[in-house]
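Undergrad: My structure is stored as start_17.pdb, with PDB, C-alpha atoms.
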ATOM      1  CA  MET A   1       0.000   0.000   0.000
ATOM      2  CA  MET A   2       2.851   2.359   0.798
ATOM      3  CA  TRP A   3       4.396   1.586  -2.603
ATOM      4  CA  LEU A   4       1.157   2.652  -4.328
ATOM      5  CA  PHE A   5       1.020   5.860  -2.304
ATOM      6  CA  GLY A   6       4.636   6.587  -3.216
ATOM      7  CA  GLN A   7       3.971   5.997  -6.901
ATOM      8  CA  MET A   8       0.925   8.272  -6.872
ATOM      9  CA  PHE A   9       2.847  10.945  -4.976
ATOM     10  CA  VAL A  10       5.658  10.889  -7.538
ATOM     11  CA  LEU A  11       3.171  10.934 -10.426
ATOM     12  CA  CYS A  12       1.333  13.947  -8.977
ATOM     13  CA  LEU A  13       4.598  15.728  -8.252
ATOM     14  CA  VAL A  14       5.859  15.206 -11.805
ATOM     15  CA  SER A  15       2.512  16.368 -13.228
ATOM     16  CA  PHE A  16       2.542  19.479 -11.062
ATOM     17  CA  VAL A  17       6.106  20.401 -12.001
ATOM     18  CA  ALA A  18       5.440  19.803 -15.709
ATOM     19  CA  GLY A  19       2.263  21.919 -15.601
ATOM     20  CA  ALA A  20       4.044  24.713 -13.771
ATOM     21  CA  ALA A  21       6.886  24.663 -16.304
ATOM     22  CA  ILE A  22       4.498  24.796 -19.265
ATOM     23  CA  THR A  23       2.529  27.633 -17.657
ATOM     24  CA  ALA A  24       5.726  29.583 -16.970
ATOM     25  CA  VAL A  25       6.893  29.149 -20.567
ATOM     26  CA  VAL A  26       3.538  30.354 -21.909
ATOM     27  CA  PHE A  27       3.544  33.470 -19.724
ATOM     28  CA  VAL A  28       7.190  34.208 -20.511
ATOM     29  CA  MET A  29       6.713  33.692 -24.258
ATOM     30  CA  ARG A  30       3.444  35.656 -24.508
ATOM     31  CA  PRO A  31       5.000  39.170 -24.212
ATOM     32  CA  SER A  32       7.592  38.324 -26.850
ATOM     33  CA  LEU A  33       4.834  37.141 -29.200
ATOM     34  CA  PHE A  34       2.992  40.443 -28.760
ATOM     35  CA  ALA A  35       6.192  42.425 -29.235
ATOM     36  CA  ARG A  36       6.944  40.522 -32.438
ATOM     37  CA  ALA A  37       3.428  41.214 -33.769
ATOM     38  CA  ALA A  38       3.732  44.917 -32.889
ATOM     39  CA  ALA A  39       7.127  45.165 -34.605
ATOM     40  CA  GLU A  40       5.673  44.086 -37.953
ATOM     41  CA  PRO A  41       4.547  47.045 -40.065
ATOM     42  CA  ALA A  42       0.806  47.548 -40.307
ATOM     43  CA  PRO A  43      -0.710  46.841 -43.706
ATOM     44  CA  GLU A  44      -1.477  49.852 -45.852
ATOM     45  CA  PRO A  45      -5.093  50.959 -45.547
ATOM     46  CA  THR A  46      -7.088  50.134 -48.646
ATOM     47  CA  GLY A  47      -9.952  52.542 -48.021
ATOM     48  CA  GLU A  48     -12.407  49.642 -48.161
ATOM     49  CA  ARG A  49     -13.615  50.251 -44.634
ATOM     50  CA  LYS A  50     -14.141  53.948 -45.332
ATOM     51  CA  LEU A  51     -16.313  53.054 -48.338
ATOM     52  CA  VAL A  52     -18.386  50.684 -46.224
ATOM     53  CA  GLU A  53     -18.885  53.342 -43.570
ATOM     54  CA  MET A  54     -19.976  55.844 -46.194
ATOM     55  CA  GLU A  55     -22.484  53.363 -47.614
ATOM     56  CA  ALA A  56     -24.011  52.866 -44.171
ATOM     57  CA  GLU A  57     -24.746  56.609 -43.770
TER      58      GLU A  57
END
Would you kindly transcribe this structure into structure tokens?

TA:
Amino acid sequence: MMWLFGQMFVLCLVSFVAGAAITAVVFVMRPSLFARAAAEPAPEPTGERKLVEMEAE
């Protein structure tokens, strides 16, 4: 019985550490993903939206 408890404890500990590591990587990588998206130049406006807004008036 103690062997089973030990195995479950190790399994839960490994799962917790792996989940914490994945979560940390996601939160560390997220700002760099946003910075990379902001660094890309915005596409040139085509005026299509302005035409749609004028049609709605």

Undergrad: Would you place a box with edges along x, y and z of the file around all atoms of stretch 21-30 of chain A listed there, add 3 Å to each of its six sides, and report the centre and edge lengths in Å to one decimal, as JSON?

TA:
{"center_x": 4.9, "center_y": 30.2, "center_z": -20.4, "size_x": 10.7, "size_y": 17.0, "size_z": 14.2}

Undergrad: Could you jot down the atom CA of A:Met29 to atom CA of A:Val14 separation for me, Å, one decimal place?

TA: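 According to the coordinates, atom CA of A:Met29 and atom CA of A:Val14 are separated by 22.3 Å.
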
Undergrad: Provide the atom CA of A:Met2 to atom CA of A:Gly19 distance in Å, to one decimal place.

TA: 25.5 Å
